[in-house]
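Contents: one structure, followed by commentary.
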Amino acid sequence: MFETEEKIAFGLLVAVLSIIGAAVIIITYMGTGSFATQYTSTLPDGTLVQFQGHVEKVSLTKAGDHQILTITGVQVFAPTGDTQVNEGDAIAVTGIVQSYKGKREILVNSLSDIRNL
């Protein structure tokens with residue numbers, strides 16, 4: 001059936017795939033926030049960050065599929081959906097630092113990255 005080398009290669013392949021699968025499950029369970037840095041205005045674009053504060057302003061984009069939040073003076077660009085965010089709410093967000101039209105903001109990719117405190 002299989003030669004010894006083929007059995008070894010197959011065993012290694014199964015072991016590597018198992019390790020990758022376990023890592024994906026662990027990372028999914030822990031969430032991206034576990035790997036994020038606390039936001040500061042000096043961080044470079046592309047940095048995964050966490051930020052928390054009080055929502056000062058909520059507005060929708062023209063298309064209505066995203067919301068622009070001002071959280072304690074920081075702009076946050078996030079998708080709209082079932083998660084309701086209101087002015088005055090204390091929330092935490094996880095996202096990527098980016099510059100848009102010369103201004104710094106945090107880009108949130110998923111509603112699961114917005115949490116009420």
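As shown in the structure tokens, the chain order sets the letters A, B, ...; within each chain, residues go from 1, and ligands are also counted from 1 in the order they appear.
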query = What lies within 7 Å of segment 55-72 of chain A using only C-alpha atoms, ignoring chain neighbours under 5 positions off, as number ranges by chain?
reply = A: 77-80, 86-90
Output N, CA and C atoms for every residue in that selection, as a JSON list (two decimals), in the first residue's frame.
[["chain", "number", "residue", "atom", "x", "y", "z"],
["A", 77, "PHE", "N", -14.60, 53.91, 12.02],
["A", 77, "PHE", "CA", -15.41, 53.56, 10.85],
["A", 77, "PHE", "C", -15.81, 52.10, 11.01],
["A", 78, "ALA", "N", -17.12, 51.84, 11.11],
["A", 78, "ALA", "CA", -17.59, 50.50, 11.44],
["A", 78, "ALA", "C", -18.80, 50.13, 10.61],
["A", 79, "PRO", "N", -19.02, 48.82, 10.39],
["A", 79, "PRO", "CA", -20.22, 48.40, 9.67],
["A", 79, "PRO", "C", -21.47, 48.63, 10.51],
["A", 80, "THR", "N", -22.60, 48.75, 9.84],
["A", 80, "THR", "CA", -23.88, 48.83, 10.55],
["A", 80, "THR", "C", -24.45, 47.42, 10.64],
["A", 86, "ASN", "N", -25.30, 53.98, 20.50],
["A", 86, "ASN", "CA", -25.95, 55.26, 20.72],
["A", 86, "ASN", "C", -24.98, 56.22, 21.38],
["A", 87, "GLU", "N", -25.22, 57.51, 21.18],
["A", 87, "GLU", "CA", -24.41, 58.52, 21.84],
["A", 87, "GLU", "C", -24.51, 58.32, 23.35],
["A", 88, "GLY", "N", -23.37, 58.45, 24.02],
["A", 88, "GLY", "CA", -23.32, 58.26, 25.46],
["A", 88, "GLY", "C", -22.94, 56.86, 25.89],
["A", 89, "ASP", "N", -23.04, 55.87, 24.98],
["A", 89, "ASP", "CA", -22.67, 54.49, 25.32],
["A", 89, "ASP", "C", -21.17, 54.39, 25.61],
["A", 90, "ALA", "N", -20.83, 53.56, 26.56],
["A", 90, "ALA", "CA", -19.42, 53.22, 26.80],
["A", 90, "ALA", "C", -19.16, 51.93, 26.03]]
ask   = So which bits of chain A end up helix (DSSP H, G or I) when you DSSP the backbone, as a ChimeraX atom specification?
value = /A:4-30,32-35,111-113
Can I get the selection written as an mmCIF file, in the first residue's frame, with C-alpha atoms?
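So result_11.cif came out as:
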data_model
loop_
_atom_site.group_PDB
_atom_site.id
_atom_site.type_symbol
_atom_site.label_atom_id
_atom_site.label_comp_id
_atom_site.auth_asym_id
_atom_site.auth_seq_id
_atom_site.Cartn_x
_atom_site.Cartn_y
_atom_site.Cartn_z
ATOM 1 C CA THR A 4 7.595 3.938 4.702
ATOM 2 C CA GLU A 5 8.480 7.413 3.406
ATOM 3 C CA GLU A 6 4.895 7.963 2.247
ATOM 4 C CA LYS A 7 3.563 6.927 5.669
ATOM 5 C CA ILE A 8 5.924 9.377 7.375
ATOM 6 C CA ALA A 9 4.966 12.197 4.971
ATOM 7 C CA PHE A 10 1.273 11.479 5.461
ATOM 8 C CA GLY A 11 1.685 11.429 9.255
ATOM 9 C CA LEU A 12 3.541 14.763 9.180
ATOM 10 C CA LEU A 13 0.859 16.269 6.950
ATOM 11 C CA VAL A 14 -1.900 15.160 9.323
ATOM 12 C CA ALA A 15 0.055 16.527 12.308
ATOM 13 C CA VAL A 16 0.625 19.927 10.667
ATOM 14 C CA LEU A 17 -3.025 20.217 9.606
ATOM 15 C CA SER A 18 -4.117 19.322 13.134
ATOM 16 C CA ILE A 19 -1.866 22.000 14.629
ATOM 17 C CA ILE A 20 -3.151 24.609 12.162
ATOM 18 C CA GLY A 21 -6.753 23.627 12.880
ATOM 19 C CA ALA A 22 -6.203 23.880 16.626
ATOM 20 C CA ALA A 23 -4.537 27.284 16.226
ATOM 21 C CA VAL A 24 -7.482 28.605 14.177
ATOM 22 C CA ILE A 25 -9.950 27.398 16.821
ATOM 23 C CA ILE A 26 -7.924 28.951 19.645
ATOM 24 C CA ILE A 27 -7.513 32.289 17.837
ATOM 25 C CA THR A 28 -11.212 32.359 16.952
ATOM 26 C CA TYR A 29 -12.147 31.645 20.563
ATOM 27 C CA MET A 30 -9.755 34.271 21.961
ATOM 28 C CA THR A 32 -8.568 39.477 17.706
ATOM 29 C CA GLY A 33 -8.601 41.738 20.755
ATOM 30 C CA SER A 34 -6.129 39.437 22.472
ATOM 31 C CA PHE A 35 -3.501 40.426 19.903
ATOM 32 C CA LEU A 111 -19.709 43.983 14.440
ATOM 33 C CA SER A 112 -18.277 41.398 16.832
ATOM 34 C CA ASP A 113 -15.370 43.810 17.341
#
task = Record the distance separating atom CA of Arg104 of chain A and atom CA of Val85 of chain A, expressed in Å with one decimal.
result =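 That distance, rounded to one decimal, is 20.8 Å.
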inquiry  = List the spatial neighbours of Gln52 of chain A as a list of chain:residue names - criterion: any atom at most 7 Å away, only C-alpha atoms, same-chain residues fewer than 3 positions off excluded.
reply    = A:Ile91, A:Ala92, A:Val93
Write the selection just made, keeping N, CA and C atoms, as a PDB file, in the first residue's frame?
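Output below, filename selection-v7.pdb:
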ATOM      1  N   ILE A  91     -18.233  52.000  25.060  1.00  0.00           N
ATOM      2  CA  ILE A  91     -17.953  50.833  24.231  1.00  0.00           C
ATOM      3  C   ILE A  91     -16.452  50.626  24.081  1.00  0.00           C
ATOM      4  N   ALA A  92     -16.098  49.428  23.640  1.00  0.00           N
ATOM      5  CA  ALA A  92     -14.722  49.092  23.287  1.00  0.00           C
ATOM      6  C   ALA A  92     -14.750  48.581  21.852  1.00  0.00           C
ATOM      7  N   VAL A  93     -13.757  48.968  21.066  1.00  0.00           N
ATOM      8  CA  VAL A  93     -13.666  48.518  19.679  1.00  0.00           C
ATOM      9  C   VAL A  93     -12.284  47.936  19.428  1.00  0.00           C
TER      10      VAL A  93
END
inquiry  = Going by DSSP on the backbone, which residues of segment 60-109 of chain A come out as strand (DSSP E)? List them as a VMD selection string.
reply    = chain A and resid 60 66 to 71 74 to 79 90 to 100 103 to 107
Limited to C-alpha atoms, could you put the picked residues into a file as an mmCIF file, in the first residue's frame?
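Output below, filename part_21.cif:
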data_model
loop_
_atom_site.group_PDB
_atom_site.id
_atom_site.type_symbol
_atom_site.label_atom_id
_atom_site.label_comp_id
_atom_site.auth_asym_id
_atom_site.auth_seq_id
_atom_site.Cartn_x
_atom_site.Cartn_y
_atom_site.Cartn_z
ATOM 1 C CA LEU A 60 -24.175 56.970 8.826
ATOM 2 C CA HIS A 66 -21.322 51.906 7.604
ATOM 3 C CA GLN A 67 -21.367 54.171 10.601
ATOM 4 C CA ILE A 68 -18.848 56.756 11.670
ATOM 5 C CA LEU A 69 -18.470 56.896 15.427
ATOM 6 C CA THR A 70 -16.617 59.499 17.435
ATOM 7 C CA ILE A 71 -15.432 57.799 20.587
ATOM 8 C CA VAL A 74 -11.273 59.274 17.984
ATOM 9 C CA GLN A 75 -12.993 58.524 14.646
ATOM 10 C CA VAL A 76 -14.110 54.910 14.186
ATOM 11 C CA PHE A 77 -15.406 53.560 10.851
ATOM 12 C CA ALA A 78 -17.585 50.499 11.442
ATOM 13 C CA PRO A 79 -20.220 48.396 9.672
ATOM 14 C CA ALA A 90 -19.421 53.218 26.803
ATOM 15 C CA ILE A 91 -17.953 50.833 24.231
ATOM 16 C CA ALA A 92 -14.722 49.092 23.287
ATOM 17 C CA VAL A 93 -13.666 48.518 19.679
ATOM 18 C CA THR A 94 -10.962 46.450 18.014
ATOM 19 C CA GLY A 95 -9.762 47.475 14.568
ATOM 20 C CA ILE A 96 -6.981 48.589 12.265
ATOM 21 C CA VAL A 97 -5.446 52.074 12.364
ATOM 22 C CA GLN A 98 -5.713 53.857 9.026
ATOM 23 C CA SER A 99 -5.517 57.350 7.588
ATOM 24 C CA TYR A 100 -8.478 58.585 5.552
ATOM 25 C CA LYS A 103 -7.206 61.994 9.362
ATOM 26 C CA ARG A 104 -6.507 59.049 11.645
ATOM 27 C CA GLU A 105 -9.261 56.547 12.310
ATOM 28 C CA ILE A 106 -9.850 53.009 13.457
ATOM 29 C CA LEU A 107 -11.374 50.671 10.866
#
query = In Å, with one decimal, what is the gap from atom CA of Gly53 of chain A to atom CA of Leu117 of chain A?
reply =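 Spanning atom CA of Gly53 of chain A to atom CA of Leu117 of chain A is a straight-line distance of 9.0 Å.
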key: Separation of atom CA of Ile114 of chain A from atom CA of Gln84 of chain A in Å   =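 If I compute the distance from atom CA of Gln84 of chain A to atom CA of Ile114 of chain A, I get 9.8 Å.
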